Amino acid sequence: MTRLGPPLAVLLLGLPVLIGLLGTILPAFGILPALGGVTPSLAPLEQLLAMPGVWRSAALSFWIGLASGAGSLFVVMLFVAGWSGTHTFKRLQRTIAPLLSVPHAAAAFGFAFLIAPSGFLARLLSPELTGWTAPPNVLIPNDSWGLSMIAGLMLKEIPFLLLITLAALPQVEAQRGRAVVAALGFGRTAGFLLALWPAIYRQIRLGIFAVLAFSSSVVDVAAILGPTLPPTLAPRLLQWITDPDLTLRFAAAAGALLQLGVTLGVLLVWIGLEQGGAFLRDRVATSGRRFRHDRAVRIVAAAGLAASAGAVFLGLLTLAIWSIAGLWTFPDLLPQSLTLRGWESVLPRLSNPLLTTLIVAASATLLAVALAVLCLANEDRRGRPAGRAALWMIYLPLIIPQPAFLFGLQLAFVSVDLQATLAALVFVHLVFVLPYVFLSLSDPWRSLDRRYEQVARGLGRSRRRAFWTVRMPLLLRALLTAAAIGFAVSVGQYLPTVLIGAGRLTTVTTEAVALASGGNRRVIGVWTFVQMILPFVGFLVATLVPALVFRRFRAVRV
Amino acid sequence: MELKLDQVAIALDGHTLVSLTEVVVPGSVLTVMGPSGSGKSTLLAYVGGFLDPSFQAAGRVWINGRDVTDLPAEERRAGILFQDPLLFPHMTVEGNLLFGLAPHVRGRDARRHAVDVALDQFELGGLGNRDPATLSGGQKARVALARVLLSAPHALLLDEPFSKLDAPLRRAMRDLVFAEARARNLPVLLVTHDQADADAAGGTLLRIGA
């Protein structure tokens, strides 16, 4: 039974990517029989290059992807180096963890409501400090350099990178390492970066690649916070592929290839930066300098992290207030009256998208957890963990930019008449849910003391019985957490849902993002509130159920 | 009941770690000593039936007149005690003992009674309903011993079971385990790096590695 796990997982992760890439590459060179393209040509490429500002879009994607990834890693790296093992670290870590469950779109909307000229921050400072009695006329968000989009992406990337770094810490024996470098006279931050960070970095490298690929090809955050004249590449591709003018599909396919190139470019530049960083590190490490005075760096790092968390919380709070705000004139900090008008207008249209969201997220999560368990149980049977190749396989759908293979995958679904079916939507969500579920479950799974099961076998229980009576209960919390993460990932999916749902199957996320250009803050507030509450409930369940089931047992309760 | 190791040899990457032929008669102890990494725990895993697939092993293992070499761990009736008590943290003390109690004791009442008797015998009376995490080190060790004995094993495998206990407790636990094994006529395979364990065990001493 467990033998089936790995081949199934490889098939589910690899096949869609492969078919999707093929389905993107062929039309990019003119081959798309359904639309009359049968001979290879460079016409799609020419059509793409004739689009106004396409190079600027590509350059923006490149810049935003690189800058947000580098910025987030910088904050996380300095914070972990300067603070790990302290009380502040634990406190901030606990504050940050729930942020992982906030969907990108919700975080982006919240951030937009926070920093807009008439946003919460401006209201907080006006008119006393700024003198503004009317919102200033500046282009924020959607500034043409993509700075608000970079900041918005960082809000979500920082908690993600922090959590995968935390998972890597025990494996490098950070506790003892810190003591050793301190005894050698190094300052906290420098000692950590020189002695311990390289080993951590190796562990989180693929996660960083996933962040870079995501932020250089994201659609929903770009639609909410990104530049508009022109936008980044990915949202323009989506525009073309959903355009009634079918010939634009060829340009979209060629554009998806360009997107692949942009993301690849970001990764290559990043690898160059890694080399440079390693060179610099070795120079500094052998120079004998100890960098004992790092107070300022430590404070800046903690402040950066706290600010990013604060921005998400404040943004979500602003969203929640907007969803029930009556008249709210600038520069009042709070609305003059509260009303349920927003909720009343949305509720009648809520049930279908909500139901779709729940069905798809629950099915994809259930399948993903089952598959991950099969793969991990198979590792136990074989006696060794999956190798590097398997890890790359798991990260594959996260590192190939979504547009590059989802466009082709959509064509494939159309050709077998499965587009806009629940099954297809669950399948495509599974491609993105499975990696996160697997990565979240594998650490606790592998670190559970195997002798528990050996004891059970020695007491006469079969492998199967020991699995169900000992391993599964002991991993209940880890299983539920992995499921909550998978659920949150599915709820947050935008591009796969738009493409495969084709407007006929919509989720709370696609409905919310569709409102981005409209600017009705009350309605946006309602949809995003629903969008953010779903994953939150998932994590609540994952926390409460083990605490209840095991309330009598101290060692497994938390 | 007797434990027989017939030309058992275990290798890792072509390098032989252990090679031995021994008969452990009922109630006696075979002590295997060696430094860390010498393969003594590997030998135990082979006898118990959960050898990591990366090792290559040959030779037969007989327990109570049965060749168990090809049997899965759960059919070998080899009870095992590790250096940690490994009480299942999601079950009460009583739950742990009921989990271990051999299936031939049938019926709710009979099973509860057997567990109660064991609790009293190992000075654990009144602790049945407790969370294992709230027990003292000595209590945990005694629950682990009671659990394995209730499963009616035909041999005992001890993997440095006393090494994490403090000195007075270690002596008491050692005496208790060996006395129980003798009383039940169980052959014992003990791996340790503590000479005092070997002295107390009294039986054959085998040094490997080094």
# chains A, B, ... in the order shown; residues from 1 in each chain; ligands from 1
$ residues_around --residues "B:His193" --least-positions-apart "6" --cutoff "10 Å" --atoms "only C-alpha atoms" --output "PyMOL selection string"
chain B and resi 31-36+40+160+163+207
$ residues_around --residues "stretch 99-111 of chain B" --least-positions-apart "2" --cutoff "9 Å" --atoms "only C-alpha atoms" --output "list in words"
Ala456, Leu459, Gly460 and Arg461 of chain A; Glu94, Gly95, Asn96, Leu97, His113, Ala114, Val115, Asp116, Ala146, Arg147, Val148, Leu149, Leu150, Ser151, Ala152 and Pro153 of chain B
$ select_by_dssp --residues "stretch 7-217 of chain A" --states "alpha helix (DSSP H)" --output "PyMOL selection string"
chain A and resi 7-28+43-49+54-83+87-96+104-115+120-125+147-168+174-183+188-191+197-217
$ residues_around --residues "A:Leu161" --least-positions-apart "4" --cutoff "12 Å" --atoms "only C-alpha atoms" --output "PyMOL selection string"
chain A and resi 68-77+79-80+93+96-97+99-100+154-157+165-168+200-201+203-212+305
$ interface_residues --of "chain B" --to "chain A" --cutoff "6 Å" --atoms "only C-alpha atoms" --output "PyMOL selection string"
chain B and resi 52-53+73-74+78-79+89-90+100+131+151
$ write_last_selection --atoms "C-alpha atoms" --output "PDB file, in the first residue's frame"
ATOM      1  CA  ASP B  52      17.413  -1.171   9.544  1.00  0.00           C
ATOM      2  CA  PRO B  53      17.456  -2.312   5.897  1.00  0.00           C
ATOM      3  CA  ALA B  73       8.726  -8.422  15.034  1.00  0.00           C
ATOM      4  CA  GLU B  74       5.257  -8.838  16.500  1.00  0.00           C
ATOM      5  CA  ALA B  78      10.732 -10.844  22.170  1.00  0.00           C
ATOM      6  CA  GLY B  79       9.984  -8.149  24.747  1.00  0.00           C
ATOM      7  CA  PRO B  89       2.328   9.524  26.086  1.00  0.00           C
ATOM      8  CA  HIS B  90      -1.247   9.483  24.785  1.00  0.00           C
ATOM      9  CA  GLY B 100       0.889  -4.568  26.501  1.00  0.00           C
ATOM     10  CA  ASP B 131      -0.731  10.492  32.791  1.00  0.00           C
ATOM     11  CA  SER B 151       2.888  -9.211  27.089  1.00  0.00           C
TER      12      SER B 151
END
$ closest_residue --among "A:Trp322, A:Phe467, A:Phe438, A:Phe407" --to "A:Ile19" --atoms "only C-alpha atoms"
A:Phe407
$ select_by_dssp --residues "stretch 45-193 of chain B" --states "strand (DSSP E or B)" --output "VMD selection string"
chain B and resid 56 to 63 66 to 67 78 to 81 155 to 159 188 to 192
$ write_last_selection --atoms "N, CA and C atoms" --output "PDB file, in the first residue's frame"
ATOM      1  N   GLN B  56      23.384  -5.589   6.441  1.00  0.00           N
ATOM      2  CA  GLN B  56      23.240  -6.928   5.887  1.00  0.00           C
ATOM      3  C   GLN B  56      23.433  -7.920   7.034  1.00  0.00           C
ATOM      4  N   ALA B  57      22.480  -8.842   7.160  1.00  0.00           N
ATOM      5  CA  ALA B  57      22.548  -9.766   8.282  1.00  0.00           C
ATOM      6  C   ALA B  57      22.374 -11.201   7.803  1.00  0.00           C
ATOM      7  N   ALA B  58      23.053 -12.133   8.489  1.00  0.00           N
ATOM      8  CA  ALA B  58      22.899 -13.557   8.205  1.00  0.00           C
ATOM      9  C   ALA B  58      22.809 -14.293   9.530  1.00  0.00           C
ATOM     10  N   GLY B  59      22.411 -15.564   9.473  1.00  0.00           N
ATOM     11  CA  GLY B  59      22.323 -16.363  10.690  1.00  0.00           C
ATOM     12  C   GLY B  59      20.878 -16.477  11.159  1.00  0.00           C
ATOM     13  N   ARG B  60      20.640 -17.470  12.042  1.00  0.00           N
ATOM     14  CA  ARG B  60      19.275 -17.730  12.495  1.00  0.00           C
ATOM     15  C   ARG B  60      19.117 -17.348  13.954  1.00  0.00           C
ATOM     16  N   VAL B  61      17.897 -16.928  14.275  1.00  0.00           N
ATOM     17  CA  VAL B  61      17.561 -16.626  15.666  1.00  0.00           C
ATOM     18  C   VAL B  61      16.437 -17.566  16.089  1.00  0.00           C
ATOM     19  N   TRP B  62      16.664 -18.270  17.209  1.00  0.00           N
ATOM     20  CA  TRP B  62      15.644 -19.185  17.732  1.00  0.00           C
ATOM     21  C   TRP B  62      15.161 -18.667  19.073  1.00  0.00           C
ATOM     22  N   ILE B  63      13.858 -18.571  19.226  1.00  0.00           N
ATOM     23  CA  ILE B  63      13.299 -18.201  20.533  1.00  0.00           C
ATOM     24  C   ILE B  63      12.302 -19.286  20.946  1.00  0.00           C
ATOM     25  N   ARG B  66      11.644 -21.983  18.425  1.00  0.00           N
ATOM     26  CA  ARG B  66      11.058 -21.596  17.155  1.00  0.00           C
ATOM     27  C   ARG B  66      12.060 -20.757  16.389  1.00  0.00           C
ATOM     28  N   ASP B  67      12.250 -21.041  15.134  1.00  0.00           N
ATOM     29  CA  ASP B  67      13.103 -20.190  14.309  1.00  0.00           C
ATOM     30  C   ASP B  67      12.301 -18.938  13.933  1.00  0.00           C
ATOM     31  N   ALA B  78       9.513 -11.342  21.536  1.00  0.00           N
ATOM     32  CA  ALA B  78      10.732 -10.844  22.170  1.00  0.00           C
ATOM     33  C   ALA B  78      10.402  -9.478  22.768  1.00  0.00           C
ATOM     34  N   GLY B  79      10.272  -9.426  24.087  1.00  0.00           N
ATOM     35  CA  GLY B  79       9.984  -8.149  24.747  1.00  0.00           C
ATOM     36  C   GLY B  79      11.228  -7.298  24.808  1.00  0.00           C
ATOM     37  N   ILE B  80      11.075  -6.000  24.625  1.00  0.00           N
ATOM     38  CA  ILE B  80      12.252  -5.152  24.556  1.00  0.00           C
ATOM     39  C   ILE B  80      12.134  -3.977  25.521  1.00  0.00           C
ATOM     40  N   LEU B  81      13.244  -3.660  26.196  1.00  0.00           N
ATOM     41  CA  LEU B  81      13.306  -2.481  27.072  1.00  0.00           C
ATOM     42  C   LEU B  81      14.457  -1.600  26.604  1.00  0.00           C
ATOM     43  N   ALA B 155      11.377 -14.098  25.546  1.00  0.00           N
ATOM     44  CA  ALA B 155      12.756 -13.665  25.760  1.00  0.00           C
ATOM     45  C   ALA B 155      12.729 -12.168  26.030  1.00  0.00           C
ATOM     46  N   LEU B 156      13.773 -11.679  26.736  1.00  0.00           N
ATOM     47  CA  LEU B 156      13.849 -10.240  27.006  1.00  0.00           C
ATOM     48  C   LEU B 156      15.076  -9.658  26.322  1.00  0.00           C
ATOM     49  N   LEU B 157      14.878  -8.532  25.639  1.00  0.00           N
ATOM     50  CA  LEU B 157      15.999  -7.831  25.025  1.00  0.00           C
ATOM     51  C   LEU B 157      16.164  -6.504  25.750  1.00  0.00           C
ATOM     52  N   LEU B 158      17.343  -6.245  26.299  1.00  0.00           N
ATOM     53  CA  LEU B 158      17.560  -5.036  27.096  1.00  0.00           C
ATOM     54  C   LEU B 158      18.615  -4.166  26.421  1.00  0.00           C
ATOM     55  N   ASP B 159      18.215  -2.968  26.015  1.00  0.00           N
ATOM     56  CA  ASP B 159      19.132  -2.060  25.321  1.00  0.00           C
ATOM     57  C   ASP B 159      19.552  -0.951  26.283  1.00  0.00           C
ATOM     58  N   VAL B 188      17.688 -13.686  28.656  1.00  0.00           N
ATOM     59  CA  VAL B 188      17.846 -12.241  28.514  1.00  0.00           C
ATOM     60  C   VAL B 188      19.072 -11.925  27.663  1.00  0.00           C
ATOM     61  N   LEU B 189      18.902 -11.034  26.698  1.00  0.00           N
ATOM     62  CA  LEU B 189      20.042 -10.514  25.953  1.00  0.00           C
ATOM     63  C   LEU B 189      20.194  -9.060  26.355  1.00  0.00           C
ATOM     64  N   LEU B 190      21.347  -8.743  26.994  1.00  0.00           N
ATOM     65  CA  LEU B 190      21.562  -7.397  27.519  1.00  0.00           C
ATOM     66  C   LEU B 190      22.727  -6.742  26.785  1.00  0.00           C
ATOM     67  N   VAL B 191      22.505  -5.580  26.208  1.00  0.00           N
ATOM     68  CA  VAL B 191      23.644  -4.840  25.678  1.00  0.00           C
ATOM     69  C   VAL B 191      23.842  -3.606  26.546  1.00  0.00           C
ATOM     70  N   THR B 192      25.106  -3.319  26.857  1.00  0.00           N
ATOM     71  CA  THR B 192      25.412  -2.249  27.804  1.00  0.00           C
ATOM     72  C   THR B 192      26.852  -1.795  27.607  1.00  0.00           C
TER      73      THR B 192
END
$ residues_around --residues "A:Asp443" --least-positions-apart "4" --cutoff "12 Å" --atoms "only C-alpha atoms" --output "list of chain:residue names"
A:Ile164, A:Leu166, A:Ala167, A:Ala168, A:Leu169, A:Pro170, A:Gln171, A:Ala372, A:Leu376, A:Pro385, A:Tyr436, A:Val437, A:Phe438, A:Leu439, A:Ser447, A:Leu448, A:Asp449, A:Leu475, A:Ala478, A:Leu479, A:Ala482
$ write_last_selection --atoms "C-alpha atoms" --output "mmCIF file, in the first residue's frame"
data_model
loop_
_atom_site.group_PDB
_atom_site.id
_atom_site.type_symbol
_atom_site.label_atom_id
_atom_site.label_comp_id
_atom_site.auth_asym_id
_atom_site.auth_seq_id
_atom_site.Cartn_x
_atom_site.Cartn_y
_atom_site.Cartn_z
ATOM 1 C CA ILE A 164 11.241 27.352 7.438
ATOM 2 C CA LEU A 166 12.939 27.846 12.529
ATOM 3 C CA ALA A 167 12.411 24.306 11.275
ATOM 4 C CA ALA A 168 16.061 24.150 10.231
ATOM 5 C CA LEU A 169 17.462 25.495 13.530
ATOM 6 C CA PRO A 170 17.378 22.266 15.575
ATOM 7 C CA GLN A 171 19.198 20.378 12.832
ATOM 8 C CA ALA A 372 2.024 12.590 2.293
ATOM 9 C CA LEU A 376 6.433 9.042 4.673
ATOM 10 C CA PRO A 385 14.394 9.241 3.922
ATOM 11 C CA TYR A 436 3.270 22.348 1.653
ATOM 12 C CA VAL A 437 1.521 19.487 3.434
ATOM 13 C CA PHE A 438 4.449 17.166 2.811
ATOM 14 C CA LEU A 439 7.052 19.701 3.939
ATOM 15 C CA SER A 447 11.607 13.056 14.403
ATOM 16 C CA LEU A 448 9.035 10.897 16.200
ATOM 17 C CA ASP A 449 11.012 8.319 18.190
ATOM 18 C CA LEU A 475 1.253 12.680 15.252
ATOM 19 C CA ALA A 478 1.290 17.459 13.285
ATOM 20 C CA LEU A 479 -1.298 15.927 10.945
ATOM 21 C CA ALA A 482 -0.267 20.073 8.041
#
$ residues_around --residues "A:Leu355" --least-positions-apart "5" --cutoff "10 Å" --atoms "only C-alpha atoms" --output "PDB file with C-alpha atoms, in the first residue's frame"
ATOM      1  CA  LEU A 350     -21.636  34.395  -0.813  1.00  0.00           C
ATOM      2  CA  VAL A 360     -12.143  22.141  -3.014  1.00  0.00           C
ATOM      3  CA  ALA A 361      -9.965  23.008  -0.031  1.00  0.00           C
ATOM      4  CA  THR A 506     -15.407  30.837  -8.245  1.00  0.00           C
ATOM      5  CA  THR A 507     -13.984  30.910  -4.719  1.00  0.00           C
ATOM      6  CA  VAL A 508     -13.920  33.650  -2.114  1.00  0.00           C
TER       7      VAL A 508
END
